[in-house]
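Just upload-v1.txt here, compact mmCIF, C-alpha atoms:
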# COMPACT_ATOMS: atom_id res chain seq x y z
CA MET N 1 5.58 -10.21 27.87
CA ILE N 2 4.81 -6.51 27.60
CA PRO N 3 1.39 -5.02 28.36
CA ARG N 4 0.49 -3.32 25.10
CA ASP N 5 -0.69 -0.08 26.63
CA GLN N 6 2.57 0.24 28.55
CA ALA N 7 4.57 -0.27 25.35
CA LEU N 8 2.52 2.39 23.59
CA ILE N 9 2.95 4.84 26.46
CA ARG N 10 6.74 4.39 26.37
CA MET N 11 6.89 4.65 22.58
CA GLY N 12 4.72 7.74 22.62
CA GLY N 13 7.53 9.65 24.24
CA PHE N 14 9.63 9.25 21.12
CA ILE N 15 7.03 10.24 18.54
CA ALA N 16 7.39 13.84 17.35
CA ASP N 17 4.47 15.98 16.21
CA GLU N 18 5.53 15.76 12.56
CA ASP N 19 5.87 11.96 12.55
CA ILE N 20 3.24 9.70 10.99
CA VAL N 21 1.88 6.69 12.87
CA VAL N 22 0.05 3.88 11.04
CA ALA N 23 -1.55 1.46 13.52
CA VAL N 24 -4.10 -1.35 13.27
CA TYR N 25 -6.88 -2.98 15.23
CA GLN N 26 -6.66 -2.98 19.05
CA THR N 27 -3.23 -1.37 18.94
CA LEU N 28 -4.76 1.48 16.94
CA PHE N 29 -7.71 1.87 19.28
CA ASP N 30 -5.41 1.95 22.30
CA TRP N 31 -2.97 4.34 20.57
CA MET N 32 -5.72 6.79 19.59
CA GLU N 33 -6.58 7.20 23.28
CA ILE N 34 -3.04 7.13 24.63
CA LYS N 35 -1.61 9.52 22.04
CA PRO N 36 -4.37 11.35 20.14
CA ARG N 37 -2.77 13.33 17.32
CA VAL N 38 -3.64 14.51 13.85
CA LEU N 39 -0.94 12.50 12.09
CA ASN N 40 -2.30 9.17 13.27
CA TYR N 41 -3.14 7.35 10.01
CA VAL N 42 -6.13 5.21 10.86
CA ALA N 43 -7.62 4.24 7.49
CA THR N 44 -5.74 1.21 6.23
CA GLY N 45 -9.00 -0.24 4.91
CA ALA N 46 -8.09 -3.88 4.42
CA MET N 47 -6.47 -6.27 6.91
CA GLY N 48 -2.75 -6.78 6.51
CA GLN N 49 -2.08 -3.60 4.58
CA ALA N 50 -0.58 -1.35 7.29
CA SER N 51 3.03 -1.95 6.29
CA SER N 52 2.23 -1.15 2.65
CA HIS N 53 0.53 2.09 3.65
CA GLY N 54 3.57 2.83 5.77
CA LEU N 55 5.87 2.24 2.81
CA GLY N 56 3.82 4.55 0.60
CA LEU N 57 3.81 7.25 3.26
CA ALA N 58 7.54 6.86 3.92
CA LEU N 59 8.45 7.20 0.24
CA ALA N 60 6.08 10.12 -0.30
CA ASN N 61 7.17 11.93 2.87
CA PRO N 62 10.93 11.38 3.18
CA GLU N 63 11.29 14.31 5.57
CA ARG N 64 9.09 12.61 8.18
CA LYS N 65 9.53 9.47 10.26
CA VAL N 66 6.81 6.89 9.63
CA PHE N 67 5.93 4.36 12.32
CA VAL N 68 3.88 1.23 11.60
CA PHE N 69 2.26 -0.53 14.55
CA ASP N 70 1.32 -3.83 12.93
CA GLY N 71 -0.29 -6.98 14.30
CA ASP N 72 1.18 -10.46 13.89
CA GLY N 73 -1.96 -11.80 12.22
CA SER N 74 -2.02 -8.74 10.01
CA LEU N 75 1.62 -9.10 9.03
CA LEU N 76 1.12 -12.77 8.13
CA MET N 77 -1.58 -11.68 5.71
CA ASN N 78 0.90 -9.45 3.84
CA LEU N 79 4.24 -11.07 4.61
CA GLY N 80 5.66 -10.25 1.19
CA ALA N 81 5.55 -6.59 2.18
CA LEU N 82 8.67 -7.25 4.27
CA ALA N 83 10.58 -8.05 1.07
CA THR N 84 9.07 -5.04 -0.71
CA ILE N 85 10.12 -2.76 2.14
CA GLY N 86 13.57 -4.32 2.37
CA GLU N 87 14.07 -3.72 -1.35
CA ALA N 88 12.72 -0.15 -1.32
CA SER N 89 14.71 0.47 1.88
CA PRO N 90 13.16 3.70 3.16
CA THR N 91 15.43 5.06 5.88
CA ASN N 92 12.51 6.77 7.66
CA LEU N 93 10.33 3.67 8.24
CA PHE N 94 10.07 2.03 11.68
CA HIS N 95 7.97 -1.12 11.68
CA PHE N 96 6.78 -2.64 14.96
CA VAL N 97 4.77 -5.83 15.16
CA PHE N 98 2.70 -6.23 18.31
CA ALA N 99 2.79 -10.02 18.56
CA ASN N 100 0.23 -11.66 20.80
CA GLY N 101 -0.29 -14.84 18.77
CA THR N 102 -3.99 -14.21 18.18
CA TYR N 103 -6.52 -12.53 15.93
CA GLU N 104 -7.53 -10.46 18.92
CA VAL N 105 -10.47 -8.41 17.65
CA ASN N 106 -11.90 -11.36 15.71
CA GLY N 107 -12.47 -13.56 18.71
CA GLU N 108 -8.92 -14.21 19.95
CA HIS N 109 -8.38 -17.26 17.77
CA PRO N 110 -4.72 -18.30 17.53
CA ILE N 111 -2.76 -17.31 14.44
CA PRO N 112 -0.93 -20.05 12.51
CA GLY N 113 2.66 -20.22 13.68
CA GLY N 114 1.99 -17.88 16.56
CA LYS N 115 4.26 -19.80 18.91
CA THR N 116 7.10 -20.40 16.51
CA ILE N 117 7.48 -17.63 13.94
CA GLU N 118 10.35 -15.22 14.54
CA PHE N 119 9.28 -12.18 12.56
CA GLU N 120 12.46 -10.24 13.24
CA LYS N 121 14.50 -12.95 11.51
CA ILE N 122 12.26 -12.80 8.46
CA ALA N 123 12.57 -9.01 8.40
CA GLN N 124 16.34 -9.26 8.67
CA ALA N 125 16.47 -11.72 5.78
CA CYS N 126 14.27 -9.37 3.77
CA GLY N 127 16.74 -6.50 4.08
CA TYR N 128 15.64 -4.37 7.05
CA ARG N 129 18.70 -2.52 8.38
CA GLN N 130 17.89 -3.00 12.07
CA THR N 131 15.84 -5.84 13.57
CA PHE N 132 15.01 -6.64 17.17
CA LYS N 133 12.83 -8.86 19.32
CA VAL N 134 11.78 -7.45 22.68
CA SER N 135 9.82 -9.33 25.31
CA SER N 136 10.07 -7.16 28.41
CA LEU N 137 9.25 -3.56 29.21
CA VAL N 138 12.70 -3.02 30.71
CA LYS N 139 14.36 -4.08 27.46
CA LEU N 140 12.03 -1.89 25.43
CA GLU N 141 12.90 1.11 27.57
CA LYS N 142 16.59 0.45 26.96
CA LEU N 143 16.14 0.03 23.22
CA LEU N 144 13.99 3.04 22.41
CA PRO N 145 16.33 6.02 23.01
CA ASP N 146 18.84 5.00 20.33
CA LEU N 147 16.46 3.19 18.00
CA PHE N 148 15.24 6.20 16.07
CA THR N 149 18.61 7.86 15.67
CA LYS N 150 19.71 5.16 13.22
CA LYS N 151 18.61 4.69 9.61
CA GLY N 152 15.73 2.36 8.84
CA PRO N 153 14.00 0.40 7.70
CA THR N 154 13.83 -0.86 11.26
CA PHE N 155 11.79 -3.79 12.53
CA VAL N 156 10.90 -4.55 16.15
CA ALA N 157 8.90 -7.60 17.22
CA LEU N 158 7.22 -6.89 20.55
CA LYS N 159 5.93 -9.86 22.51
CA ILE N 160 2.83 -8.39 24.08
CA VAL N 161 -0.24 -9.16 26.14
CA PRO N 162 -3.31 -6.95 26.32
CA GLY N 163 -3.05 -4.14 28.81
CA LYS N 164 -5.78 -1.65 29.49
CA GLN N 165 -8.21 -1.92 26.58
CA TYR N 166 -9.71 1.15 24.97
CA PRO N 167 -12.97 1.42 22.96
CA ARG N 168 -13.03 0.04 19.43
CA ARG N 169 -13.98 3.13 17.41
CA TYR N 170 -14.57 1.53 14.01
CA ASP N 171 -16.98 4.31 13.05
CA PHE N 172 -14.23 6.90 13.39
CA ILE N 173 -11.42 5.04 11.63
CA HIS N 174 -13.57 4.45 8.53
CA SER N 175 -15.02 7.97 8.49
CA PRO N 176 -14.32 10.62 5.83
CA GLU N 177 -13.53 12.95 8.74
CA ALA N 178 -10.57 10.80 9.82
CA ARG N 179 -9.06 10.81 6.33
CA GLU N 180 -9.66 14.50 5.81
CA ASN N 181 -8.12 15.40 9.18
CA PHE N 182 -5.01 13.45 8.25
CA ARG N 183 -4.79 15.02 4.80
CA ARG N 184 -5.07 18.53 6.21
CA ALA N 185 -2.46 17.84 8.87
CA LEU N 186 -0.08 16.33 6.33
CA THR N 187 -0.38 19.02 3.68
CA GLY N 188 -1.21 22.07 5.78
CA LYS N 189 -3.98 22.83 3.29
CA PRO N 190 -7.59 23.46 4.37
CA MET A 1 -1.25 -9.74 -43.27
CA ASN A 2 -1.39 -8.25 -39.81
CA THR A 3 -2.91 -4.76 -40.01
CA LEU A 4 -3.37 -4.26 -36.30
CA ALA A 5 -1.85 -1.16 -34.72
CA TYR A 6 -0.44 -1.28 -31.23
CA PRO A 7 -0.24 1.36 -28.50
CA SER A 8 3.17 2.87 -27.78
CA GLY A 9 4.87 2.28 -24.46
CA LYS A 10 6.90 5.45 -24.96
CA HIS A 11 3.73 7.47 -25.33
CA ILE A 12 2.22 5.88 -22.22
CA ILE A 13 5.32 6.87 -20.23
CA LYS A 14 5.10 10.42 -21.63
CA GLN A 15 1.49 10.57 -20.49
CA PHE A 16 2.52 9.38 -17.00
CA LEU A 17 5.15 12.09 -16.76
CA ALA A 18 2.77 14.75 -18.05
CA ALA A 19 0.37 13.69 -15.27
CA ARG A 20 3.16 14.13 -12.69
CA ILE A 21 3.42 10.41 -11.91
CA GLN A 22 6.52 9.78 -9.77
CA PHE A 23 6.16 6.15 -8.69
CA ILE A 24 5.16 2.94 -10.44
CA ALA A 25 4.28 0.01 -8.18
CA SER A 26 4.31 -3.20 -10.15
CA LEU A 27 4.31 -6.93 -10.43
CA PRO A 28 5.44 -8.07 -13.87
CA ASP A 29 2.73 -8.67 -16.44
CA ILE A 30 3.68 -10.27 -19.75
CA VAL A 31 1.40 -7.96 -21.75
CA THR A 32 3.16 -4.80 -20.54
CA SER A 33 6.56 -6.31 -19.72
CA SER A 34 8.75 -5.40 -22.66
CA GLY A 35 6.93 -2.31 -23.91
CA LEU A 36 6.30 -0.64 -20.59
CA LEU A 37 7.71 -2.19 -17.43
CA TRP A 38 11.26 -2.74 -18.66
CA PRO A 39 11.51 0.83 -20.00
CA ILE A 40 10.06 2.14 -16.73
CA SER A 41 12.63 0.14 -14.76
CA HIS A 42 15.40 2.08 -16.54
CA HIS A 43 13.68 5.46 -16.55
CA LYS A 44 15.34 8.22 -14.56
CA GLU A 45 12.19 10.18 -13.75
CA LEU A 46 10.05 7.27 -12.58
CA GLU A 47 10.76 5.30 -9.41
CA LEU A 48 9.78 1.65 -9.65
CA ILE A 49 8.58 -0.15 -6.53
CA ARG A 50 8.73 -3.89 -7.06
CA ILE A 51 5.97 -5.45 -5.01
CA CYS A 52 5.26 -9.06 -4.03
CA LYS A 53 1.46 -8.94 -4.24
CA GLU A 54 -0.76 -6.50 -6.06
CA ASP A 55 -2.82 -5.33 -3.07
CA GLU A 56 0.39 -3.92 -1.61
CA GLY A 57 0.39 -1.60 -4.60
CA VAL A 58 -3.18 -0.50 -3.99
CA SER A 59 -2.21 0.53 -0.46
CA ILE A 60 1.05 2.18 -1.51
CA CYS A 61 -0.69 4.29 -4.17
CA ALA A 62 -3.55 5.18 -1.81
CA ALA A 63 -1.21 6.26 0.99
CA MET A 64 0.91 8.34 -1.36
CA SER A 65 -2.13 10.25 -2.56
CA TYR A 66 -2.61 12.04 0.76
CA ASN A 67 0.01 14.62 -0.16
CA ASP A 68 -0.71 14.35 -3.90
CA THR A 69 2.30 12.17 -4.62
CA ARG A 70 1.16 10.44 -7.76
CA ALA A 71 1.61 6.77 -8.56
CA VAL A 72 0.35 4.07 -10.90
CA LEU A 73 -0.11 0.39 -10.05
CA LEU A 74 0.89 -1.71 -13.08
CA MET A 75 -0.25 -5.34 -12.99
CA GLN A 76 -1.99 -8.22 -14.74
CA GLN A 77 -5.74 -8.86 -14.49
CA THR A 78 -5.07 -11.80 -12.19
CA GLY A 79 -3.51 -9.34 -9.75
CA LEU A 80 -6.49 -7.04 -10.12
CA MET A 81 -8.74 -9.94 -9.14
CA ASP A 82 -6.47 -10.74 -6.20
CA SER A 83 -6.69 -7.12 -5.01
CA LEU A 84 -10.43 -6.62 -5.06
CA ASN A 85 -10.83 -6.22 -1.32
CA ALA A 86 -8.16 -3.53 -1.11
CA ILE A 87 -9.70 -1.80 -4.14
CA ARG A 88 -13.13 -2.07 -2.54
CA ALA A 89 -11.89 -0.50 0.68
CA LEU A 90 -9.38 2.12 -0.44
CA ALA A 91 -10.47 3.09 -3.94
CA MET A 92 -14.24 2.80 -3.50
CA ASP A 93 -15.25 3.02 0.18
CA TYR A 94 -12.58 5.67 0.87
CA GLN A 95 -12.68 7.20 -2.63
CA LEU A 96 -8.91 7.57 -2.95
CA PRO A 97 -7.26 8.22 -6.32
CA VAL A 98 -5.79 4.79 -6.98
CA VAL A 99 -4.74 4.59 -10.64
CA MET A 100 -4.26 1.09 -12.04
CA MET A 101 -3.01 -0.11 -15.42
CA VAL A 102 -3.90 -3.73 -16.08
CA GLY A 103 -2.52 -5.97 -18.80
CA LEU A 104 -5.13 -8.43 -20.01
CA GLN A 105 -3.05 -11.58 -20.25
CA GLY A 106 -4.50 -14.08 -22.71
CA LYS A 107 -6.73 -11.58 -24.50
CA GLU A 108 -6.89 -11.77 -28.27
CA PRO A 109 -5.70 -8.55 -29.99
CA GLU A 110 -8.91 -7.82 -31.89
CA PRO A 111 -11.98 -8.04 -29.65
CA LYS A 112 -13.00 -5.87 -26.75
CA PRO A 113 -12.32 -7.50 -23.36
CA GLU A 114 -15.96 -8.39 -22.78
CA GLU A 115 -15.99 -10.23 -26.12
CA SER A 116 -12.86 -12.28 -25.43
CA ASN A 117 -13.02 -16.05 -25.60
CA VAL A 118 -10.92 -16.18 -22.44
CA TYR A 119 -13.10 -16.38 -19.34
CA GLY A 120 -10.55 -14.68 -17.08
CA VAL A 121 -10.45 -11.72 -19.48
CA ARG A 122 -14.12 -11.59 -20.42
CA ILE A 123 -15.31 -11.16 -16.83
CA ILE A 124 -13.08 -8.18 -15.99
CA PRO A 125 -15.39 -5.40 -17.26
CA SER A 126 -18.32 -7.03 -15.48
CA VAL A 127 -16.38 -7.25 -12.23
CA LEU A 128 -15.40 -3.58 -12.45
CA ASN A 129 -18.95 -2.60 -13.34
CA ALA A 130 -20.28 -4.55 -10.36
CA MET A 131 -17.91 -2.61 -8.11
CA SER A 132 -18.59 0.71 -9.88
CA VAL A 133 -14.88 1.11 -10.56
CA PRO A 134 -14.31 3.44 -13.55
CA TYR A 135 -12.23 1.99 -16.38
CA SER A 136 -11.20 2.60 -19.96
CA LEU A 137 -9.50 0.58 -22.67
CA ILE A 138 -5.99 1.10 -24.03
CA GLN A 139 -6.05 -0.90 -27.24
CA GLU A 140 -5.58 1.39 -30.24
CA PRO A 141 -2.57 3.72 -30.55
CA ASP A 142 -4.68 6.84 -30.00
CA ASP A 143 -6.15 5.48 -26.75
CA VAL A 144 -2.98 6.40 -24.88
CA PHE A 145 -3.50 10.12 -25.38
CA GLU A 146 -6.34 10.22 -22.84
CA ILE A 147 -4.19 8.87 -20.03
CA LYS A 148 -2.90 12.19 -18.67
CA ASP A 149 -6.32 13.81 -18.51
CA ILE A 150 -7.86 10.79 -16.80
CA ILE A 151 -5.09 10.65 -14.19
CA ASP A 152 -5.39 14.38 -13.55
CA ALA A 153 -9.13 13.95 -13.05
CA CYS A 154 -8.56 11.04 -10.65
CA TYR A 155 -6.42 13.18 -8.36
CA ARG A 156 -8.56 16.29 -8.77
CA ASN A 157 -11.75 14.42 -7.87
CA SER A 158 -10.21 11.76 -5.58
CA LYS A 159 -11.51 8.84 -7.64
CA PRO A 160 -9.90 5.61 -8.86
CA HIS A 161 -9.46 4.47 -12.44
CA VAL A 162 -8.43 1.27 -14.19
CA PHE A 163 -6.79 1.34 -17.62
CA LEU A 164 -7.30 -2.05 -19.25
CA VAL A 165 -4.48 -2.77 -21.70
CA GLY A 166 -6.02 -4.85 -24.45
CA ARG A 167 -3.13 -4.97 -26.87
CA THR A 168 0.59 -5.31 -26.09
CA PRO A 169 2.28 -1.88 -26.02
CA LEU A 170 5.35 -1.58 -28.23
CA ALA A 171 8.53 -0.21 -26.70
Take the structure I supplied and represent it as C-alpha cells, if you would.
Amino acid sequence: MIPRDQALIRMGGFIADEDIVVAVYQTLFDWMEIKPRVLNYVATGAMGQASSHGLGLALANPERKVFVFDGDGSLLMNLGALATIGEASPTNLFHFVFANGTYEVNGEHPIPGGKTIEFEKIAQACGYRQTFKVSSLVKLEKLLPDLFTKKGPTFVALKIVPGKQYPRRYDFIHSPEARENFRRALTGKP
Amino acid sequence: MNTLAYPSGKHIIKQFLAARIQFIASLPDIVTSSGLLWPISHHKELELIRICKEDEGVSICAAMSYNDTRAVLLMQQTGLMDSLNAIRALAMDYQLPVVMMVGLQGKEPEPKPEESNVYGVRIIPSVLNAMSVPYSLIQEPDDVFEIKDIIDACYRNSKPHVFLVGRTPLA
C-alpha cells in the first residue's frame, strides 16, 4: 500500500506548469497543499464526475496533458465514463484512481466491491491504451518516468492508504474564485 | 389530414455551427434520433462524443466551456431527470454555460409539454422552473432560428439553457 501523500509528492515531479490536474475529495485537498498551482481544476461539482470533466478538458485542450486523480468510490459512481473515454480515446488523458476501498470523507464506510474490483482490467477492456495497477511506492517510482511519454488514455490504479492529511477546504473548491482562477490560467485572459 | 409542421434537423445543425458548436455529447433519444443525431454522427464539422450516462455529458460540456470550447448535450428527458444533480451543481451553482437539447419522448405533437397527457413529459417544465433552469421550446419550424442567439448568450453570460424538443425534427 502507498501512503497517498507520498504518491502525490512523487507524481508532482512529473506535472508540468501547463498541465491540468483534476482531483477529488481527500486526494484533492492533499494535492492542493502538496502542489498548489493555478491549473488545478477543483470544481467537479457532483461526485463521480472527475473523469468526465477530465475528458472534456482533454478534448478541448489537446495541447495539454490532463491528469485525473479519481477515487474508487467516485469512479464506481460513473463507471460508464471508462467506456466513454476509451471510445473517445484522448491521447493526452492520464487517469489515476486512488483506491482505498472506502468513502473516506463520508465516514470511511467501505465501498461495494472494494476488496475485489480490479479497475485497471475494466479500463483495459474499455479501450484505455495503457493500464497498470501499482501497490508499492517503489513500483510507482519505477513506473512514472516513462508513463507520460506514451500516448493515452492511460489508467493507473494505485492501492493507497491515507498519509499525512491536509485540511478539507470545501469553501475554496466551490468558490467562484477557484473557477475564475482556473479560467484565467487556462485562457491567459483577465 | 395531418397539417402539423415539424422543425428541421438540418436547420438545427446550421444553428449549432453558426453558434460555433464543436462537440455534441449524446445518448440516443428516439425523438431526435433520425432527424438530428444520425446526421450529426456523419457530420464533418461536429465531433460526436457517445456517452454512457447523461450526467457525463453535463460535466464534459461544463469542462469544455472554460476555454470557450462550445458543446451541446443531446438527450431524452429521462436523461435530463437522471442528471439533475450535475445540472444543479455545474449549471446552476457554478453558473457554467451548459447547453442541453432534450427530446420529449412520449409527448403528443400538438400540446405544449406542460399540457401533455404523459406524466414524465408534463412535469419537465415544472422541474426546470423549480431549479430556475432557463428553457425554451423547439416545436414549430421557426423555433429553430432562435437557437444560435440563445447559445451565444449562454456562453457570453455563462448561463445554462435547455431546449425542449416537442416535435420530432425532420432530417
- Contacts of stretch 159-168 of chain A at 7 Å (all atoms listed in the file; same-chain gap of 6+ positions) as a ChimeraX atom specification: /A:6,31-32,91,95-104,107,109,113,133-139
Please, could you write that set of residues out with C-alpha atoms as a JSON list (two decimals), keeping the file's coordinate frame?
[["chain", "number", "residue", "atom", "x", "y", "z"],
["A", 6, "TYR", "CA", -0.44, -1.28, -31.23],
["A", 31, "VAL", "CA", 1.40, -7.96, -21.75],
["A", 32, "THR", "CA", 3.16, -4.80, -20.54],
["A", 91, "ALA", "CA", -10.47, 3.09, -3.94],
["A", 95, "GLN", "CA", -12.68, 7.20, -2.63],
["A", 96, "LEU", "CA", -8.91, 7.57, -2.95],
["A", 97, "PRO", "CA", -7.26, 8.22, -6.32],
["A", 98, "VAL", "CA", -5.79, 4.79, -6.98],
["A", 99, "VAL", "CA", -4.74, 4.59, -10.64],
["A", 100, "MET", "CA", -4.26, 1.09, -12.04],
["A", 101, "MET", "CA", -3.01, -0.11, -15.42],
["A", 102, "VAL", "CA", -3.90, -3.73, -16.08],
["A", 103, "GLY", "CA", -2.52, -5.97, -18.80],
["A", 104, "LEU", "CA", -5.13, -8.43, -20.01],
["A", 107, "LYS", "CA", -6.73, -11.58, -24.50],
["A", 109, "PRO", "CA", -5.70, -8.55, -29.99],
["A", 113, "PRO", "CA", -12.32, -7.50, -23.36],
["A", 133, "VAL", "CA", -14.88, 1.11, -10.56],
["A", 134, "PRO", "CA", -14.31, 3.44, -13.55],
["A", 135, "TYR", "CA", -12.23, 1.99, -16.38],
["A", 136, "SER", "CA", -11.20, 2.60, -19.96],
["A", 137, "LEU", "CA", -9.50, 0.58, -22.67],
["A", 138, "ILE", "CA", -5.99, 1.10, -24.03],
["A", 139, "GLN", "CA", -6.05, -0.90, -27.24]]
- Message: List the spatial neighbours of N:Ile117 as a VMD selection string - criterion: any atom at most 12 Å away, all atoms listed in the file, same-chain residues fewer than 2 positions off excluded.
- Response: chain N and resid 72 to 73 75 to 76 79 99 to 101 111 to 115 119 to 123 133 157 159
- Task: Check every residue of chain A for an atom within 8 Å of chain N, counting all atoms listed in the file, and provide those that qualify as a ChimeraX atom specification.
- Result: /A:49-53,55-57,59-64,66-67,69,85-86,89-90,94
Please dump the current selection as a short mmCIF file (atom, residue, chain, number, x, y, z; two decimals), in the coordinates of the input; keep C-alpha atoms.
data_model
loop_
_atom_site.label_atom_id
_atom_site.label_comp_id
_atom_site.auth_asym_id
_atom_site.auth_seq_id
_atom_site.Cartn_x
_atom_site.Cartn_y
_atom_site.Cartn_z
CA ILE A 49 8.58 -0.15 -6.53
CA ARG A 50 8.73 -3.89 -7.06
CA ILE A 51 5.97 -5.45 -5.01
CA CYS A 52 5.26 -9.06 -4.03
CA LYS A 53 1.46 -8.94 -4.24
CA ASP A 55 -2.82 -5.33 -3.07
CA GLU A 56 0.39 -3.92 -1.61
CA GLY A 57 0.39 -1.60 -4.60
CA SER A 59 -2.21 0.53 -0.46
CA ILE A 60 1.05 2.18 -1.51
CA CYS A 61 -0.69 4.29 -4.17
CA ALA A 62 -3.55 5.18 -1.81
CA ALA A 63 -1.21 6.26 0.99
CA MET A 64 0.91 8.34 -1.36
CA TYR A 66 -2.61 12.04 0.76
CA ASN A 67 0.01 14.62 -0.16
CA THR A 69 2.30 12.17 -4.62
CA ASN A 85 -10.83 -6.22 -1.32
CA ALA A 86 -8.16 -3.53 -1.11
CA ALA A 89 -11.89 -0.50 0.68
CA LEU A 90 -9.38 2.12 -0.44
CA TYR A 94 -12.58 5.67 0.87
#
Taking (-12.6, -9.8, -21.5) in the coordinates of the supplied file, I want to know which residues reach to within 10 Å of it, counting all atoms listed in the file; could you give the answer as a compact mmCIF listing (two decimals) with C-alpha atoms, in the frame of the given file?
# COMPACT_ATOMS: atom_id res chain seq x y z
CA GLN A 77 -5.74 -8.86 -14.49
CA LEU A 104 -5.13 -8.43 -20.01
CA GLN A 105 -3.05 -11.58 -20.25
CA GLY A 106 -4.50 -14.08 -22.71
CA LYS A 107 -6.73 -11.58 -24.50
CA GLU A 108 -6.89 -11.77 -28.27
CA PRO A 111 -11.98 -8.04 -29.65
CA LYS A 112 -13.00 -5.87 -26.75
CA PRO A 113 -12.32 -7.50 -23.36
CA GLU A 114 -15.96 -8.39 -22.78
CA GLU A 115 -15.99 -10.23 -26.12
CA SER A 116 -12.86 -12.28 -25.43
CA ASN A 117 -13.02 -16.05 -25.60
CA VAL A 118 -10.92 -16.18 -22.44
CA TYR A 119 -13.10 -16.38 -19.34
CA GLY A 120 -10.55 -14.68 -17.08
CA VAL A 121 -10.45 -11.72 -19.48
CA ARG A 122 -14.12 -11.59 -20.42
CA ILE A 123 -15.31 -11.16 -16.83
CA ILE A 124 -13.08 -8.18 -15.99
CA PRO A 125 -15.39 -5.40 -17.26
CA SER A 126 -18.32 -7.03 -15.48
CA LEU A 164 -7.30 -2.05 -19.25
CA GLY A 166 -6.02 -4.85 -24.45
- Query: Hey, can you check how far atom CA of A:Leu17 sits from atom CA of A:Glu140?
  - Reply: 20.3 Å
- Task: Please return, as a list in words, all polymer residues that have at least one atom within 10 Å of the point (7.2, 5.7, 13.1); use all atoms listed in the file and the file's own coordinate frame.
- Result: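 Using all atoms listed in the file, the matching residues come out as Met11, Phe14, Ile15, Ala16, Asp19, Ile20, Val21, Val22, Ala23, Gly54, Ala58, Arg64, Lys65, Val66, Phe67, Val68, Phe69, Asn92, Leu93, Phe94, His95, Phe96, Phe148 and Thr154 of chain N.
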For C-alpha atoms, I'd like the residues from the last selection saved as a PDB file, in the coordinates of the input.
ATOM      1  CA  MET N  11       6.890   4.650  22.580  1.00  0.00           C
ATOM      2  CA  PHE N  14       9.630   9.250  21.120  1.00  0.00           C
ATOM      3  CA  ILE N  15       7.030  10.240  18.540  1.00  0.00           C
ATOM      4  CA  ALA N  16       7.390  13.840  17.350  1.00  0.00           C
ATOM      5  CA  ASP N  19       5.870  11.960  12.550  1.00  0.00           C
ATOM      6  CA  ILE N  20       3.240   9.700  10.990  1.00  0.00           C
ATOM      7  CA  VAL N  21       1.880   6.690  12.870  1.00  0.00           C
ATOM      8  CA  VAL N  22       0.050   3.880  11.040  1.00  0.00           C
ATOM      9  CA  ALA N  23      -1.550   1.460  13.520  1.00  0.00           C
ATOM     10  CA  GLY N  54       3.570   2.830   5.770  1.00  0.00           C
ATOM     11  CA  ALA N  58       7.540   6.860   3.920  1.00  0.00           C
ATOM     12  CA  ARG N  64       9.090  12.610   8.180  1.00  0.00           C
ATOM     13  CA  LYS N  65       9.530   9.470  10.260  1.00  0.00           C
ATOM     14  CA  VAL N  66       6.810   6.890   9.630  1.00  0.00           C
ATOM     15  CA  PHE N  67       5.930   4.360  12.320  1.00  0.00           C
ATOM     16  CA  VAL N  68       3.880   1.230  11.600  1.00  0.00           C
ATOM     17  CA  PHE N  69       2.260  -0.530  14.550  1.00  0.00           C
ATOM     18  CA  ASN N  92      12.510   6.770   7.660  1.00  0.00           C
ATOM     19  CA  LEU N  93      10.330   3.670   8.240  1.00  0.00           C
ATOM     20  CA  PHE N  94      10.070   2.030  11.680  1.00  0.00           C
ATOM     21  CA  HIS N  95       7.970  -1.120  11.680  1.00  0.00           C
ATOM     22  CA  PHE N  96       6.780  -2.640  14.960  1.00  0.00           C
ATOM     23  CA  PHE N 148      15.240   6.200  16.070  1.00  0.00           C
ATOM     24  CA  THR N 154      13.830  -0.860  11.260  1.00  0.00           C
TER      25      THR N 154
END
- Message: Would you pick out the contacts of N:Pro3 at 7 Å or less, using all atoms listed in the file, so that residues sharing its chain but fewer than 5 positions from it are not included, and give the list as an NGL selection string?
- Response: :N and (160-163)
Write a file of the selected residues as a PDB file, keeping the file's coordinate frame, keeping C-alpha atoms.
ATOM      1  CA  ILE N 160       2.830  -8.390  24.080  1.00  0.00           C
ATOM      2  CA  VAL N 161      -0.240  -9.160  26.140  1.00  0.00           C
ATOM      3  CA  PRO N 162      -3.310  -6.950  26.320  1.00  0.00           C
ATOM      4  CA  GLY N 163      -3.050  -4.140  28.810  1.00  0.00           C
TER       5      GLY N 163
END
- Provide the atom CA of N:Phe155 to atom CA of N:Glu141 distance in Å, to one decimal place.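 About the pair atom CA of N:Phe155 and atom CA of N:Glu141: they are 15.9 Å apart.
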- Query: Quick one, how far is atom CA of N:Leu158 from atom CA of N:Val97?
  - Reply: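 Value for the atom CA of N:Leu158-atom CA of N:Val97 distance: 6.0 Å.
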- Long-range neighbours of N:Tyr25 as a ChimeraX atom specification, 8 Å cut-off, only C-alpha atoms, 2 positions minimum in chain: /N:23,27-29,71,105
Just the selected residues (C-alpha atoms), exported as a short mmCIF file (atom, residue, chain, number, x, y, z; two decimals), in the frame of the given file, please.
data_model
loop_
_atom_site.label_atom_id
_atom_site.label_comp_id
_atom_site.auth_asym_id
_atom_site.auth_seq_id
_atom_site.Cartn_x
_atom_site.Cartn_y
_atom_site.Cartn_z
CA ALA N 23 -1.55 1.46 13.52
CA THR N 27 -3.23 -1.37 18.94
CA LEU N 28 -4.76 1.48 16.94
CA PHE N 29 -7.71 1.87 19.28
CA GLY N 71 -0.29 -6.98 14.30
CA VAL N 105 -10.47 -8.41 17.65
#
Just need the box for stretch 106-119 of chain N, edges along x, y and z, holding every atom the file lists for it with 6 Å tacked onto each side, so centre and edge lengths in Å to one decimal, as JSON.
{"center_x": -1.1, "center_y": -15.9, "center_z": 16.2, "size_x": 34.8, "size_y": 21.0, "size_z": 19.4}
- Query: Which residue gives the smallest distance to A:Val72 among A:His11, A:Arg156, A:Lys44, A:Lys148, with all atoms listed in the file counted?
  - Reply: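 Result for the nearest residue to A:Val72: A:Lys148.
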With only C-alpha atoms counted and 9 Å as the cut-off, give the residues of stretch 84-157 of chain A in contact with stretch 19-22 of chain A, each with its shortest interatomic distance in Å and the pair that gives it, as JSON lines.
{"residue": "A:Ile147", "atom": "CA", "partner": "A:Ala19", "partner_atom": "CA", "distance": 8.2}
{"residue": "A:Lys148", "atom": "CA", "partner": "A:Ala19", "partner_atom": "CA", "distance": 5.0}
{"residue": "A:Asp149", "atom": "CA", "partner": "A:Ala19", "partner_atom": "CA", "distance": 7.4}
{"residue": "A:Ile150", "atom": "CA", "partner": "A:Ala19", "partner_atom": "CA", "distance": 8.9}
{"residue": "A:Ile151", "atom": "CA", "partner": "A:Ala19", "partner_atom": "CA", "distance": 6.3}
{"residue": "A:Asp152", "atom": "CA", "partner": "A:Ala19", "partner_atom": "CA", "distance": 6.1}
